[in-house]
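K.L.:
Mind looking over this structure? Questions follow.
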Amino acid sequence: MSRATRTAAARPAPAPRTAARTRVARLPRGITLRYSGRTAAVLAVLLVCCAAVWALTLFTGTYRIGAAQVADVLFTGGGSATDRFIVVGQRLPRVCAALLVGAALGLSGALFQSLSRNPLGSPDVIGFTTGSTSGALVVILAGGGGAGVGVGAGSVLGGLCTAVVVYAFTASRGVSGNRLVLAGIAVGAMLSSVNDFLLTRADLESAESAKAWTFGSLNAVSWPQVTPLALVLPVLVVVTLALGRPLRLMEMGDDTAGALGVDVTRVRALCLLMGVALAGTAVAVAGPIGFLALAAPQLARRITRSPGPPIGPALLTGALLLATADLLAQRVLSPFQIPVGLVTGALGGVYLLWLLSRERRTARSA
């Protein structure tokens with residue numbers, strides 16, 4: 001044996017590249033997070049972009065306020081009464097609501113897509129957002145106004161009832177991705193008709209208010225709507241993080257996950273509950289906002305190249321997308337403001353066309 005051969009044999013084999021790049025973060029309650037260096041870099045970039053959109057929304061607008069005056073209002077409570085009203089009473093709750101609602105929708109979409117193992121498994125496609133809208137509409141048309149605890153409770157309850165119905169349709173023959181999506185689309189279509197019927201039976205003023213709310217808008221959002229979401233969202237995020245490892249195992253199949261010690265039925269029920277709670281609280285604040293929960297997890301998975309559910313990246317991607325879309329909704333036709341749901345709908349259509357063209361190019365190259 002030559003010297004070079006002996007040296008190569010004595011040299012330890014290099015560690016697999018994926019293992020070298022994997023890092024482990026240990027959180028309280030025994031929660032362990034595994035992430036790659038690329039995921040950490042993506043999270044950092046997304047955080048910086050969210051901060052940039054936050055600052056741009058606060059420091060610019062139709063009402064001209066200098067940067068020094070905005071900083072004075074934010075950090076010292078100074079400035080005129082008008083400046084404080086514009087910055088603290090309008091701009092700040094709106095951008096905070098956009099970030100929180102976007103984060104909730106992105107995380108909800110990641111849960112449902114991982115649970116169904118289908119890229120179409122988002123709450124707005126499989127009917128849960130429509131169910132939340134039905135619950136909120138009942139409260140609004142019954143005299144509950146366009147905001148408040150009643151609308152939030154109705155939104156979450158409507159989403160939960162929809163989830164129970166969809167789960168009942170699919171559980172008898174096994175909850176698979178295709179069955180979940182098809183049953184959700186069918187239930188969502190029926191609930192959409194129910195929502196239209198509710199609007200036709202309401203008086204003109206209530207119907208106009210409710211119809212404007214169904215477009216999905218942050219135009220009139222205030223602190224009483226933002227505060228409950230800010231308190232509830234961290235709890236839902238922590239529970240979702242705890243479900244991350246079982247979800248990764250379940251993406252390999254229920255039988256494999258069960259053999260590895262995962263209580264598949266319990267994890268699936270918890271995922272449904274968390275996904276509906278996230279979507280319902282988001283709908284309660286901003287109304288139904290389409291395509292965001294569909295696109296954010298897919299974009300997060302592509303930029304991180306993550307094999308499992310991209311919980312953190314999907315959360316920040318959803319926050320960035322909605323904050324950016326709301327900034328466009330404020331600025332494109334300024335001084336007029338359009339509902340952010342119309343902007344996300346247009347962007348979602350462009351995204352789906354891009355996906356279609358990409359799949360066509362992939363099929364041709366194959």
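Residues in the structure tokens are numbered from 1 in each chain, the chains being A, B, ... in the order shown, and ligands are numbered from 1 in the order shown.
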Just the alpha helix (DSSP H) stuff from segment 186-283 of chain A, please, per backbone DSSP, written as a ChimeraX atom specification.

P.N.:
/A:186-201,204-214,223-242,244-250,254-259,264-283

K.L.:
Excluding segment 95-110 of chain A and its own-chain neighbours fewer than 3 positions away, which residues fall within 6 Å of it when counting only C-alpha atoms? Please give them as a ChimeraX atom specification.

P.N.:
/A:92,113,122,226,275,278-279,282,293-294,296-297,314-316,318-319,322-323

K.L.:
Using C-alpha atoms, can you export the residues from the last selection as a short mmCIF file (atom, residue, chain, number, x, y, z; two decimals), in the first residue's frame?

P.N.:
```
data_model
loop_
_atom_site.label_atom_id
_atom_site.label_comp_id
_atom_site.auth_asym_id
_atom_site.auth_seq_id
_atom_site.Cartn_x
_atom_site.Cartn_y
_atom_site.Cartn_z
CA LEU A 92 -48.53 52.25 14.17
CA GLN A 113 -49.97 22.42 3.79
CA SER A 122 -54.21 26.55 2.80
CA VAL A 226 -54.59 44.60 17.39
CA GLY A 275 -54.39 26.35 12.05
CA LEU A 278 -54.51 31.34 13.58
CA ALA A 279 -56.72 31.89 10.53
CA ALA A 282 -56.42 36.93 11.50
CA ALA A 293 -51.64 31.63 3.42
CA LEU A 294 -51.23 29.79 0.11
CA ALA A 296 -46.14 32.39 2.02
CA PRO A 297 -45.27 28.77 3.03
CA ALA A 314 -43.42 31.03 6.70
CA LEU A 315 -44.37 33.22 9.65
CA LEU A 316 -41.96 36.01 8.66
CA GLY A 318 -46.40 36.10 5.60
CA ALA A 319 -45.71 39.15 7.78
CA LEU A 322 -48.93 41.51 4.01
CA ALA A 323 -47.06 44.55 5.34
#
```

K.L.:
From the list A:Gln298, A:Ser155, A:Thr82, A:Gln225, which residue is nearest Gly131 of chain A when using only C-alpha atoms?

P.N.:
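Under the stated criterion, the closest residue is A:Ser155.
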
K.L.:
Could you list, as JSON, numbers by chain, every residue within 6 Å of segment 307-312 of chain A, counting only C-alpha atoms and ignoring same-chain residues fewer than 6 positions away?

P.N.:
{"A": [114, 248, 301]}

K.L.:
Atoms to include: N, CA and C atoms. Write the selected residues as a short mmCIF file (atom, residue, chain, number, x, y, z; two decimals), in the first residue's frame.

P.N.:
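File produced: again.cif:
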```cif
data_model
loop_
_atom_site.label_atom_id
_atom_site.label_comp_id
_atom_site.auth_asym_id
_atom_site.auth_seq_id
_atom_site.Cartn_x
_atom_site.Cartn_y
_atom_site.Cartn_z
N SER A 114 -48.53 21.32 5.43
CA SER A 114 -47.78 20.19 5.95
C SER A 114 -48.73 19.06 6.36
N ARG A 248 -42.88 17.04 10.89
CA ARG A 248 -41.85 16.58 9.96
C ARG A 248 -41.91 15.06 9.78
N ARG A 301 -40.51 27.84 1.76
CA ARG A 301 -39.88 26.54 1.51
C ARG A 301 -38.87 26.63 0.37
#
```

K.L.:
Write out as a list in words each polymer residue whose atoms come within 10 Å of Gly127 of chain A, counting only C-alpha atoms; drop sequence neighbours fewer than 5 positions from it.

P.N.:
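My reading of the contact set: Gly121, Ser122, Ser132, Thr133, Gly159, Thr162, Ala163, Val166, Val181, Leu182, Ala183, Gly184, Ile185, Ala186, Val187, Gly188, Ala189, Met190, Leu191 and Ser192 of chain A.
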
K.L.:
Compile the contact shell of Gly79 of chain A as a PyMOL selection string: residues with an atom at most 12 Å away, counting only C-alpha atoms, same-chain residues fewer than 3 positions apart removed.

P.N.:
chain A and resi 65-76+82-88

K.L.:
With only C-alpha atoms as the counted atoms, please give the residues lying no more than 6 Å from segment 204-220 of chain A, apart from itself and same-chain residues fewer than 4 positions off, as a ChimeraX atom specification.

P.N.:
/A:199,286-289,339-341

K.L.:
Could those residues be written to a file, using C-alpha atoms, as a compact mmCIF listing (two decimals), in the first residue's frame?

P.N.:
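The resulting result-v9.txt:
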```txt
# COMPACT_ATOMS: atom_id res chain seq x y z
CA LEU A 199 -75.77 39.75 2.86
CA ALA A 286 -58.56 42.22 8.90
CA GLY A 287 -61.33 40.21 7.27
CA PRO A 288 -60.67 37.40 4.77
CA ILE A 289 -57.36 38.00 2.95
CA PRO A 339 -58.49 47.17 0.70
CA VAL A 340 -55.34 45.12 1.11
CA GLY A 341 -57.28 41.98 0.20
```
